[in-house]
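Asker: Contents of upload_38.cif (mmCIF, C-alpha atoms) are below:
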data_model
loop_
_atom_site.group_PDB
_atom_site.id
_atom_site.type_symbol
_atom_site.label_atom_id
_atom_site.label_comp_id
_atom_site.auth_asym_id
_atom_site.auth_seq_id
_atom_site.Cartn_x
_atom_site.Cartn_y
_atom_site.Cartn_z
ATOM 1 C CA MET A 22 -84.551 111.197 141.775
ATOM 2 C CA LYS A 23 -83.028 112.446 145.006
ATOM 3 C CA THR A 24 -83.839 116.004 145.961
ATOM 4 C CA GLU A 25 -81.292 118.441 147.390
ATOM 5 C CA ARG A 26 -81.795 118.989 151.135
ATOM 6 C CA ALA A 27 -79.858 121.098 153.611
ATOM 7 C CA GLU A 28 -80.009 118.666 156.525
ATOM 8 C CA MET A 29 -76.959 116.524 157.319
ATOM 9 C CA ILE A 30 -76.976 113.127 158.967
ATOM 10 C CA ALA A 31 -73.661 111.923 160.456
ATOM 11 C CA GLY A 32 -71.852 114.401 158.222
ATOM 12 C CA GLU A 33 -73.490 113.103 155.017
ATOM 13 C CA PRO A 34 -76.270 114.710 152.943
ATOM 14 C CA ALA A 35 -79.659 113.339 154.058
ATOM 15 C CA GLN A 36 -81.511 111.076 151.663
ATOM 16 C CA ASP A 37 -85.160 111.527 150.803
ATOM 17 C CA VAL A 38 -87.461 110.494 153.639
ATOM 18 C CA LEU A 39 -90.247 108.347 152.238
ATOM 19 C CA LYS A 40 -93.765 109.299 153.179
ATOM 20 C CA LYS A 41 -95.157 106.463 155.314
ATOM 21 C CA LEU A 42 -97.864 104.393 153.655
ATOM 22 C CA VAL A 43 -100.926 104.866 155.865
ATOM 23 C CA ARG A 44 -103.203 102.349 154.135
ATOM 24 C CA ILE A 45 -104.432 100.834 150.904
ATOM 25 C CA HIS A 46 -108.057 101.810 150.365
ATOM 26 C CA GLN A 47 -110.594 100.135 148.093
ATOM 27 C CA GLY A 48 -113.575 102.022 146.718
ATOM 28 C CA SER A 49 -117.248 101.177 146.760
ATOM 29 C CA GLU A 50 -119.057 98.747 144.493
ATOM 30 C CA MET A 51 -119.798 99.917 140.982
ATOM 31 C CA HIS A 52 -122.828 102.161 140.490
ATOM 32 C CA TRP A 53 -124.146 104.186 137.584
ATOM 33 C CA VAL A 54 -123.872 107.951 137.219
ATOM 34 C CA GLY A 55 -126.586 108.792 134.736
ATOM 35 C CA ASN A 56 -126.840 106.082 132.098
ATOM 36 C CA GLY A 57 -123.315 106.452 130.735
ATOM 37 C CA PHE A 58 -120.801 106.185 133.551
ATOM 38 C CA PRO A 59 -120.372 102.964 135.567
ATOM 39 C CA VAL A 60 -118.097 104.142 138.387
ATOM 40 C CA ARG A 61 -116.630 103.107 141.696
ATOM 41 C CA SER A 62 -116.531 105.927 144.226
ATOM 42 C CA VAL A 63 -112.975 105.593 145.496
ATOM 43 C CA PHE A 64 -113.712 108.301 148.074
ATOM 44 C CA ASP A 65 -116.100 111.226 148.601
ATOM 45 C CA TYR A 66 -116.496 114.318 150.770
ATOM 46 C CA ASN A 67 -118.570 112.480 153.390
ATOM 47 C CA GLY A 68 -115.712 110.044 154.061
ATOM 48 C CA LEU A 69 -112.043 110.050 153.095
ATOM 49 C CA GLY A 70 -112.484 113.360 151.307
ATOM 50 C CA ARG A 71 -112.523 114.972 154.760
ATOM 51 C CA GLU A 72 -109.004 113.637 155.371
ATOM 52 C CA LEU A 73 -107.524 114.135 151.905
ATOM 53 C CA SER A 74 -107.745 117.932 151.532
ATOM 54 C CA PRO A 75 -107.771 119.481 148.979
ATOM 55 C CA PHE A 76 -109.259 116.392 147.257
ATOM 56 C CA LEU A 77 -112.995 115.881 147.842
ATOM 57 C CA LEU A 78 -114.071 112.998 145.631
ATOM 58 C CA LEU A 79 -112.609 110.491 143.210
ATOM 59 C CA ASP A 80 -114.742 108.356 140.880
ATOM 60 C CA TYR A 81 -113.139 105.662 138.751
ATOM 61 C CA ALA A 82 -114.869 104.216 135.687
ATOM 62 C CA ALA A 83 -112.908 101.016 135.001
ATOM 63 C CA PRO A 84 -112.699 99.807 131.381
ATOM 64 C CA ARG A 85 -116.169 98.833 130.184
ATOM 65 C CA PRO A 86 -117.345 98.044 126.650
ATOM 66 C CA PHE A 87 -120.386 99.822 125.237
ATOM 67 C CA PRO A 88 -122.116 98.464 122.123
ATOM 68 C CA PRO A 89 -122.906 100.718 119.172
ATOM 69 C CA GLY A 90 -126.218 102.494 119.542
ATOM 70 C CA ASP A 91 -128.352 105.586 119.108
ATOM 71 C CA GLU A 92 -129.227 106.248 122.765
ATOM 72 C CA LYS A 93 -127.647 109.360 124.271
ATOM 73 C CA ARG A 94 -125.566 108.101 127.215
ATOM 74 C CA GLY A 95 -124.345 110.301 130.037
ATOM 75 C CA VAL A 96 -125.606 112.889 132.508
ATOM 76 C CA GLY A 97 -127.942 115.762 131.595
ATOM 77 C CA ALA A 98 -127.826 119.335 132.854
ATOM 78 C CA HIS A 99 -126.950 119.601 136.550
ATOM 79 C CA PRO A 100 -125.280 122.225 138.786
ATOM 80 C CA HIS A 101 -122.048 122.439 140.789
ATOM 81 C CA LYS A 102 -120.689 125.055 143.162
ATOM 82 C CA GLY A 103 -117.672 125.514 145.418
ATOM 83 C CA PHE A 104 -115.025 123.274 143.801
ATOM 84 C CA GLU A 105 -113.421 122.121 140.558
ATOM 85 C CA THR A 106 -114.018 118.928 138.576
ATOM 86 C CA VAL A 107 -111.196 117.225 136.675
ATOM 87 C CA THR A 108 -112.127 114.520 134.164
ATOM 88 C CA ILE A 109 -109.380 112.395 132.587
ATOM 89 C CA ALA A 110 -110.275 110.215 129.615
ATOM 90 C CA TYR A 111 -108.202 107.068 129.080
ATOM 91 C CA GLN A 112 -110.481 105.263 126.620
ATOM 92 C CA GLY A 113 -113.608 106.469 124.839
ATOM 93 C CA GLU A 114 -114.819 109.993 124.110
ATOM 94 C CA LEU A 115 -116.880 112.505 126.093
ATOM 95 C CA GLU A 116 -118.644 115.707 125.082
ATOM 96 C CA HIS A 117 -119.186 118.533 127.570
ATOM 97 C CA ARG A 118 -120.910 121.902 127.598
ATOM 98 C CA ASP A 119 -121.667 124.318 130.407
ATOM 99 C CA SER A 120 -123.285 127.621 131.307
ATOM 100 C CA SER A 121 -119.943 129.471 131.301
ATOM 101 C CA GLY A 122 -119.797 128.914 127.550
ATOM 102 C CA GLY A 123 -117.189 126.191 127.929
ATOM 103 C CA GLY A 124 -117.338 122.868 126.213
ATOM 104 C CA GLY A 125 -115.727 120.435 123.861
ATOM 105 C CA ARG A 126 -114.819 116.839 123.212
ATOM 106 C CA ILE A 127 -112.128 114.869 125.019
ATOM 107 C CA GLY A 128 -110.709 111.522 123.974
ATOM 108 C CA PRO A 129 -107.915 109.218 125.166
ATOM 109 C CA GLY A 130 -105.245 111.215 126.976
ATOM 110 C CA ASP A 131 -107.281 114.441 127.128
ATOM 111 C CA VAL A 132 -108.448 116.210 130.293
ATOM 112 C CA GLN A 133 -111.260 118.645 131.054
ATOM 113 C CA TRP A 134 -110.819 120.971 134.042
ATOM 114 C CA MET A 135 -113.983 122.775 135.088
ATOM 115 C CA THR A 136 -114.043 125.422 137.805
ATOM 116 C CA ALA A 137 -117.547 125.504 139.252
ATOM 117 C CA GLY A 138 -116.655 128.394 141.582
ATOM 118 C CA LYS A 139 -119.733 130.518 142.283
ATOM 119 C CA GLY A 140 -121.917 128.149 140.293
ATOM 120 C CA ILE A 141 -122.200 126.405 136.943
ATOM 121 C CA VAL A 142 -124.619 124.142 135.088
ATOM 122 C CA HIS A 143 -123.171 121.492 132.791
ATOM 123 C CA GLU A 144 -123.830 118.230 131.014
ATOM 124 C CA GLU A 145 -121.534 115.418 129.899
ATOM 125 C CA PHE A 146 -122.311 112.612 127.480
ATOM 126 C CA HIS A 147 -120.512 110.030 125.399
ATOM 127 C CA SER A 148 -119.562 111.728 122.147
ATOM 128 C CA ARG A 149 -121.860 111.166 119.201
ATOM 129 C CA ASP A 150 -119.135 109.281 117.312
ATOM 130 C CA PHE A 151 -118.377 107.030 120.287
ATOM 131 C CA THR A 152 -122.093 106.358 120.800
ATOM 132 C CA ARG A 153 -122.496 105.377 117.154
ATOM 133 C CA THR A 154 -119.425 103.130 116.897
ATOM 134 C CA GLY A 155 -119.304 101.786 120.457
ATOM 135 C CA GLY A 156 -116.098 100.943 122.249
ATOM 136 C CA THR A 157 -114.444 100.823 125.658
ATOM 137 C CA LEU A 158 -114.849 103.639 128.161
ATOM 138 C CA GLN A 159 -112.329 104.298 130.944
ATOM 139 C CA MET A 160 -112.112 107.544 132.859
ATOM 140 C CA VAL A 161 -111.470 109.229 136.194
ATOM 141 C CA GLN A 162 -113.262 112.202 137.715
ATOM 142 C CA LEU A 163 -111.710 114.148 140.586
ATOM 143 C CA TRP A 164 -113.337 116.888 142.679
ATOM 144 C CA LEU A 165 -110.820 119.453 143.914
ATOM 145 C CA ASN A 166 -111.903 121.742 146.752
ATOM 146 C CA LEU A 167 -111.645 125.529 146.638
ATOM 147 C CA ARG A 168 -110.730 127.668 149.616
ATOM 148 C CA ALA A 169 -113.519 129.829 151.037
ATOM 149 C CA LYS A 170 -111.987 132.885 149.365
ATOM 150 C CA ASP A 171 -112.142 131.152 145.961
ATOM 151 C CA LYS A 172 -115.603 129.557 146.152
ATOM 152 C CA GLY A 173 -117.043 132.715 144.613
ATOM 153 C CA ALA A 174 -114.656 132.601 141.636
ATOM 154 C CA LYS A 175 -116.058 133.008 138.145
ATOM 155 C CA ALA A 176 -117.003 129.675 136.579
ATOM 156 C CA SER A 177 -114.657 128.569 133.797
ATOM 157 C CA TYR A 178 -113.549 125.610 131.703
ATOM 158 C CA GLN A 179 -110.220 124.316 130.386
ATOM 159 C CA THR A 180 -109.756 121.670 127.699
ATOM 160 C CA LEU A 181 -106.300 120.107 128.114
ATOM 161 C CA LEU A 182 -105.572 118.079 125.008
ATOM 162 C CA LYS A 183 -103.120 115.177 125.062
ATOM 163 C CA ALA A 184 -100.687 117.100 122.856
ATOM 164 C CA GLN A 185 -100.542 119.942 125.414
ATOM 165 C CA ILE A 186 -99.598 117.700 128.355
ATOM 166 C CA PRO A 187 -95.808 117.273 128.787
ATOM 167 C CA VAL A 188 -94.461 113.718 128.861
ATOM 168 C CA VAL A 189 -91.297 113.215 130.927
ATOM 169 C CA GLU A 190 -89.015 110.177 130.647
ATOM 170 C CA LEU A 191 -88.311 108.929 134.173
ATOM 171 C CA PRO A 192 -84.634 108.659 135.213
ATOM 172 C CA GLN A 193 -83.027 105.279 134.500
ATOM 173 C CA GLY A 194 -85.846 104.463 132.090
ATOM 174 C CA PRO A 195 -88.623 102.736 134.089
ATOM 175 C CA GLY A 196 -91.358 104.603 132.225
ATOM 176 C CA THR A 197 -92.964 107.960 131.597
ATOM 177 C CA LEU A 198 -94.874 110.620 133.521
ATOM 178 C CA ARG A 199 -97.445 113.071 132.134
ATOM 179 C CA VAL A 200 -97.631 116.395 133.993
ATOM 180 C CA ILE A 201 -101.307 117.364 133.940
ATOM 181 C CA ALA A 202 -100.933 119.886 136.774
ATOM 182 C CA GLY A 203 -98.043 121.052 138.912
ATOM 183 C CA GLU A 204 -94.450 120.283 138.040
ATOM 184 C CA PHE A 205 -92.081 117.354 137.657
ATOM 185 C CA ASN A 206 -88.360 117.525 136.899
ATOM 186 C CA GLY A 207 -88.662 121.098 135.662
ATOM 187 C CA ARG A 208 -91.664 120.462 133.379
ATOM 188 C CA LYS A 209 -94.917 122.219 134.232
ATOM 189 C CA GLY A 210 -98.415 120.998 133.474
ATOM 190 C CA PRO A 211 -100.879 123.121 131.467
ATOM 191 C CA ALA A 212 -103.685 123.216 134.060
ATOM 192 C CA ARG A 213 -104.384 126.556 135.750
ATOM 193 C CA THR A 214 -105.208 125.805 139.374
ATOM 194 C CA PHE A 215 -106.375 127.737 142.427
ATOM 195 C CA THR A 216 -104.805 125.223 144.807
ATOM 196 C CA PRO A 217 -101.159 124.055 144.562
ATOM 197 C CA VAL A 218 -101.477 120.491 143.239
ATOM 198 C CA ASN A 219 -99.472 117.904 141.342
ATOM 199 C CA LEU A 220 -101.501 115.611 139.102
ATOM 200 C CA TRP A 221 -99.367 113.053 137.274
ATOM 201 C CA ASP A 222 -100.178 110.131 134.972
ATOM 202 C CA VAL A 223 -97.425 107.522 135.352
ATOM 203 C CA ASP A 224 -96.674 104.427 133.240
ATOM 204 C CA LEU A 225 -94.130 101.916 134.561
ATOM 205 C CA ALA A 226 -92.749 98.799 132.874
ATOM 206 C CA ALA A 227 -92.922 95.473 134.698
ATOM 207 C CA GLY A 228 -89.993 94.877 137.034
ATOM 208 C CA THR A 229 -88.941 98.530 137.209
ATOM 209 C CA SER A 230 -89.266 101.048 140.023
ATOM 210 C CA ALA A 231 -89.212 104.807 140.531
ATOM 211 C CA GLU A 232 -89.078 107.290 143.365
ATOM 212 C CA PHE A 233 -91.298 110.369 143.113
ATOM 213 C CA PRO A 234 -90.416 113.534 145.055
ATOM 214 C CA LEU A 235 -93.482 115.085 146.724
ATOM 215 C CA PRO A 236 -93.565 118.075 149.101
ATOM 216 C CA SER A 237 -93.520 117.392 152.825
ATOM 217 C CA GLY A 238 -96.777 118.538 154.391
ATOM 218 C CA HIS A 239 -98.808 117.825 151.269
ATOM 219 C CA THR A 240 -101.605 115.283 150.984
ATOM 220 C CA SER A 241 -100.208 112.547 148.723
ATOM 221 C CA THR A 242 -101.989 109.520 147.288
ATOM 222 C CA PHE A 243 -102.205 107.511 144.074
ATOM 223 C CA LEU A 244 -104.799 105.396 142.290
ATOM 224 C CA VAL A 245 -103.760 102.227 140.460
ATOM 225 C CA LEU A 246 -105.343 102.254 136.997
ATOM 226 C CA LYS A 247 -103.669 99.137 135.601
ATOM 227 C CA GLY A 248 -101.518 96.288 136.869
ATOM 228 C CA GLU A 249 -100.009 95.684 140.293
ATOM 229 C CA VAL A 250 -97.400 97.648 142.211
ATOM 230 C CA THR A 251 -95.427 97.400 145.453
ATOM 231 C CA VAL A 252 -95.501 100.561 147.576
ATOM 232 C CA ASN A 253 -92.402 101.717 149.491
ATOM 233 C CA GLY A 254 -90.994 98.187 149.353
ATOM 234 C CA GLY A 255 -93.887 96.808 151.400
ATOM 235 C CA ARG A 256 -97.561 96.370 150.542
ATOM 236 C CA ASN A 257 -99.055 95.558 147.162
ATOM 237 C CA ALA A 258 -101.801 97.484 145.389
ATOM 238 C CA GLY A 259 -103.829 96.508 142.327
ATOM 239 C CA GLU A 260 -106.257 98.124 139.899
ATOM 240 C CA GLY A 261 -108.756 100.384 141.666
ATOM 241 C CA ASP A 262 -106.723 100.554 144.895
ATOM 242 C CA LEU A 263 -105.800 103.903 146.445
ATOM 243 C CA ALA A 264 -102.471 104.199 148.290
ATOM 244 C CA ILE A 265 -102.643 106.900 150.997
ATOM 245 C CA PHE A 266 -99.519 108.390 152.582
ATOM 246 C CA ASP A 267 -98.638 110.373 155.672
ATOM 247 C CA ARG A 268 -98.004 114.064 154.988
ATOM 248 C CA ALA A 269 -94.527 113.951 156.540
ATOM 249 C CA GLY A 270 -91.683 112.948 154.223
ATOM 250 C CA ASP A 271 -90.717 114.066 150.745
ATOM 251 C CA ALA A 272 -90.959 111.068 148.400
ATOM 252 C CA ILE A 273 -92.761 107.815 147.625
ATOM 253 C CA HIS A 274 -91.344 104.677 145.996
ATOM 254 C CA VAL A 275 -93.268 102.499 143.553
ATOM 255 C CA LYS A 276 -92.195 99.182 142.007
ATOM 256 C CA ALA A 277 -94.169 97.792 139.088
ATOM 257 C CA ASP A 278 -94.808 94.062 139.558
ATOM 258 C CA THR A 279 -96.506 94.072 136.140
ATOM 259 C CA ASP A 280 -96.845 96.772 133.509
ATOM 260 C CA ALA A 281 -98.671 99.424 135.507
ATOM 261 C CA LYS A 282 -100.362 102.807 135.286
ATOM 262 C CA ILE A 283 -100.963 105.017 138.318
ATOM 263 C CA LEU A 284 -102.501 108.464 138.831
ATOM 264 C CA VAL A 285 -100.604 110.479 141.458
ATOM 265 C CA LEU A 286 -102.550 113.139 143.377
ATOM 266 C CA ASP A 287 -100.621 115.547 145.591
ATOM 267 C CA GLY A 288 -101.866 118.839 147.012
ATOM 268 C CA GLU A 289 -101.452 121.494 149.657
ATOM 269 C CA PRO A 290 -104.127 120.841 152.317
ATOM 270 C CA PHE A 291 -106.175 123.539 154.007
ATOM 271 C CA ASP A 292 -108.187 123.348 157.215
ATOM 272 C CA GLU A 293 -111.642 124.691 156.456
ATOM 273 C CA PRO A 294 -115.108 123.254 157.177
ATOM 274 C CA ILE A 295 -116.499 120.924 154.509
ATOM 275 C CA VAL A 296 -120.282 121.076 154.210
ATOM 276 C CA GLY A 297 -121.526 119.236 151.161
ATOM 277 C CA HIS A 298 -124.901 118.308 149.767
ATOM 278 C CA GLY A 299 -125.127 116.598 146.396
ATOM 279 C CA PRO A 300 -123.404 118.773 143.774
ATOM 280 C CA PHE A 301 -122.501 121.611 146.162
ATOM 281 C CA VAL A 302 -119.542 121.788 148.575
ATOM 282 C CA MET A 303 -119.323 124.892 150.765
ATOM 283 C CA ASN A 304 -118.225 125.883 154.286
ATOM 284 C CA SER A 305 -121.603 126.161 156.048
ATOM 285 C CA ARG A 306 -125.162 124.890 155.889
ATOM 286 C CA ALA A 307 -126.372 128.430 155.120
ATOM 287 C CA GLU A 308 -124.109 128.519 152.054
ATOM 288 C CA ILE A 309 -125.551 125.204 150.860
ATOM 289 C CA GLN A 310 -129.071 126.616 151.172
ATOM 290 C CA GLN A 311 -127.945 129.675 149.232
ATOM 291 C CA ALA A 312 -126.500 127.431 146.515
ATOM 292 C CA PHE A 313 -129.856 125.693 146.049
ATOM 293 C CA GLU A 314 -131.594 129.070 145.874
ATOM 294 C CA ASP A 315 -129.065 130.372 143.341
ATOM 295 C CA TYR A 316 -129.613 127.333 141.130
ATOM 296 C CA GLN A 317 -133.395 127.449 141.368
ATOM 297 C CA LEU A 318 -133.403 131.155 140.485
ATOM 298 C CA GLY A 319 -131.143 130.607 137.478
ATOM 299 C CA ARG A 320 -128.149 132.487 138.903
ATOM 300 C CA MET A 321 -125.780 129.696 137.805
ATOM 301 C CA GLY A 322 -126.728 130.249 134.208
ATOM 302 C CA GLU A 323 -128.361 127.960 131.690
ATOM 303 C CA LEU A 324 -127.272 125.745 128.843
ATOM 304 C CA ALA A 325 -127.928 127.225 125.433
ATOM 305 C CA GLY A 326 -130.504 125.273 123.475
#
Take the structure from the file and write it as structure tokens.
Answerer:
Amino acid sequence: MKTERAEMIAGEPAQDVLKKLVRIHQGSEMHWVGNGFPVRSVFDYNGLGRELSPFLLLDYAAPRPFPPGDEKRGVGAHPHKGFETVTIAYQGELEHRDSSGGGGRIGPGDVQWMTAGKGIVHEEFHSRDFTRTGGTLQMVQLWLNLRAKDKGAKASYQTLLKAQIPVVELPQGPGTLRVIAGEFNGRKGPARTFTPVNLWDVDLAAGTSAEFPLPSGHTSTFLVLKGEVTVNGGRNAGEGDLAIFDRAGDAIHVKADTDAKILVLDGEPFDEPIVGHGPFVMNSRAEIQQAFEDYQLGRMGELAG
């Protein structure tokens, strides 16, 4: 997976320069979001999210069994403004609806991409079928920042079903890669994005390795969802660990020590102030105050029924 580059070293074409591994980060202890999502905050906009532009927050709900029941589990109506939320379901089912008129059900392999933009109200619960039958829930939620010029964008919602997401066989056969957003090896993901990002689901077989080309200057990181991997021939990372790379360089190398699944996040950073409070992320304190006023006055819309 070598990329073509114009530079020459000692008369030979230059090889990919690996992005230096900066550190392996571990998220917080598990806590509940509502009564349906036991998550670890891998990072948020008050911490690493300030370094990982355009990514603001990453919550990981590790596999957890839920018994059958009648109780509605999840998070009721709440607002967002100034960014996008990306929810990837690996196990279990979620149901979503919002004030833009968007909504639907996502199950294993599906993704929901919600643009909060100028403001939205939404709710997300375990699906009725999943609540009734019980089962294992595993999911990731990512918050993706919007530039100041896009924070006033119209709220919208995308359901990206598993069948719509291209699956690419990795060269030499170590595994597969799903292109949720961005592009890999000529295949483009279905997500419409404001910010240039690559979001890839990768499965690797034990004992194999792969090199992933990523743009120099981009923020690049990955979350281990299953198994153990060796990063750039050096440090090891296990489930729930986040590998963070320097922006310089144009590739990363991953070896699977066991069967492994990773979620690669790569995006074009931008240098703008991050002022966040709860469900709102803007560029100034005054804009946060305006967001609260907009919500209280119903300017972000309401959920039908």
Asker: Quick one: which residues end up in the PyMOL selection byres ((chain A and resi 51-64) around 6) for this structure, as a PDB file with C-alpha atoms, keeping the file's coordinate frame?
Answerer:
ATOM      1  CA  GLY A  48    -113.575 102.022 146.718  1.00  0.00           C
ATOM      2  CA  SER A  49    -117.248 101.177 146.760  1.00  0.00           C
ATOM      3  CA  GLU A  50    -119.057  98.747 144.493  1.00  0.00           C
ATOM      4  CA  ASP A  65    -116.100 111.226 148.601  1.00  0.00           C
ATOM      5  CA  LEU A  69    -112.043 110.050 153.095  1.00  0.00           C
ATOM      6  CA  LEU A  78    -114.071 112.998 145.631  1.00  0.00           C
ATOM      7  CA  LEU A  79    -112.609 110.491 143.210  1.00  0.00           C
ATOM      8  CA  ASP A  80    -114.742 108.356 140.880  1.00  0.00           C
ATOM      9  CA  TYR A  81    -113.139 105.662 138.751  1.00  0.00           C
ATOM     10  CA  ALA A  82    -114.869 104.216 135.687  1.00  0.00           C
ATOM     11  CA  ARG A  94    -125.566 108.101 127.215  1.00  0.00           C
ATOM     12  CA  GLY A  95    -124.345 110.301 130.037  1.00  0.00           C
ATOM     13  CA  VAL A  96    -125.606 112.889 132.508  1.00  0.00           C
TER      14      VAL A  96
END
Asker: Box along x, y and z, 8 Å on every side, all listed atoms of stretch 260-264 of chain A inside: centre and edge lengths in Å to one decimal, as JSON.
Answerer:
{"center_x": -105.6, "center_y": 101.2, "center_z": 144.1, "size_x": 22.3, "size_y": 22.1, "size_z": 24.4}
Asker: Could you list, as a CSV table (one decimal) with C-alpha atoms, in the frame of the given file, every residue matched by the PyMOL selection byres ((chain A and resi 151) around 10) in this structure?
Answerer:
chain,number,residue,atom,x,y,z
A,87,PHE,CA,-120.4,99.8,125.2
A,88,PRO,CA,-122.1,98.5,122.1
A,89,PRO,CA,-122.9,100.7,119.2
A,90,GLY,CA,-126.2,102.5,119.5
A,113,GLY,CA,-113.6,106.5,124.8
A,114,GLU,CA,-114.8,110.0,124.1
A,115,LEU,CA,-116.9,112.5,126.1
A,116,GLU,CA,-118.6,115.7,125.1
A,128,GLY,CA,-110.7,111.5,124.0
A,146,PHE,CA,-122.3,112.6,127.5
A,147,HIS,CA,-120.5,110.0,125.4
A,148,SER,CA,-119.6,111.7,122.1
A,149,ARG,CA,-121.9,111.2,119.2
A,150,ASP,CA,-119.1,109.3,117.3
A,152,THR,CA,-122.1,106.4,120.8
A,153,ARG,CA,-122.5,105.4,117.2
A,154,THR,CA,-119.4,103.1,116.9
A,155,GLY,CA,-119.3,101.8,120.5
A,156,GLY,CA,-116.1,100.9,122.2
A,157,THR,CA,-114.4,100.8,125.7
A,158,LEU,CA,-114.8,103.6,128.2
Asker: Can you tell me, as a list in words, what residues are no more than 9 Å from stretch 293-309 of chain A when counting all atoms listed in the file, ignoring any on the same chain fewer than 5 positions away?
Answerer: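 Everything that qualifies: Tyr66, Asn67, Arg71, Leu77, His99, Pro100, His101, Lys102, Gly103, Phe104, Gly140, Asn166, Leu167, Arg168, Ala169, Lys172 and Glu314 of chain A.
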Asker: Smallest atom-to-atom distance to A:Ala137: which of A:Leu39, A:Val223, A:Leu181, A:Leu165, using only C-alpha atoms?
Answerer: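 Under the stated criterion, the closest residue is A:Leu165.
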Asker: Between atom CA of A:Gly207 and atom CA of A:Leu191, what distance in Å does the model show, to one decimal?
Answerer: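 Calculated distance between atom CA of A:Gly207 and atom CA of A:Leu191 is 12.3 Å.
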Asker: Taking the file as shown, find all residues satisfying the PyMOL selection byres ((chain A and resi 238) around 10) and write them as a PyMOL selection string.
Answerer: chain A and resi 40+235-237+239-241+267-271+288-290
Asker: Given the selection you just returned, output its residues as a file containing C-alpha atoms, formatted as a PDB file, in the frame of the given file.
Answerer:
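Result saved to again14.pdb:
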ATOM      1  CA  LYS A  40     -93.765 109.299 153.179  1.00  0.00           C
ATOM      2  CA  LEU A 235     -93.482 115.085 146.724  1.00  0.00           C
ATOM      3  CA  PRO A 236     -93.565 118.075 149.101  1.00  0.00           C
ATOM      4  CA  SER A 237     -93.520 117.392 152.825  1.00  0.00           C
ATOM      5  CA  HIS A 239     -98.808 117.825 151.269  1.00  0.00           C
ATOM      6  CA  THR A 240    -101.605 115.283 150.984  1.00  0.00           C
ATOM      7  CA  SER A 241    -100.208 112.547 148.723  1.00  0.00           C
ATOM      8  CA  ASP A 267     -98.638 110.373 155.672  1.00  0.00           C
ATOM      9  CA  ARG A 268     -98.004 114.064 154.988  1.00  0.00           C
ATOM     10  CA  ALA A 269     -94.527 113.951 156.540  1.00  0.00           C
ATOM     11  CA  GLY A 270     -91.683 112.948 154.223  1.00  0.00           C
ATOM     12  CA  ASP A 271     -90.717 114.066 150.745  1.00  0.00           C
ATOM     13  CA  GLY A 288    -101.866 118.839 147.012  1.00  0.00           C
ATOM     14  CA  GLU A 289    -101.452 121.494 149.657  1.00  0.00           C
ATOM     15  CA  PRO A 290    -104.127 120.841 152.317  1.00  0.00           C
TER      16      PRO A 290
END
Asker: Between A:Lys175, A:Pro234, A:Gly228, A:Pro75, which is the closest to A:Glu204 once you count only C-alpha atoms?
Answerer: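 With only C-alpha atoms as the atom set, the closest residue is A:Pro234.
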Asker: Please return, as a ChimeraX atom specification, all polymer residues that have at least one atom within 7 Å of the point (-96.2, 101.6, 132.5); use only C-alpha atoms and the file's own coordinate frame.
Answerer: /A:196,223-226,280-282
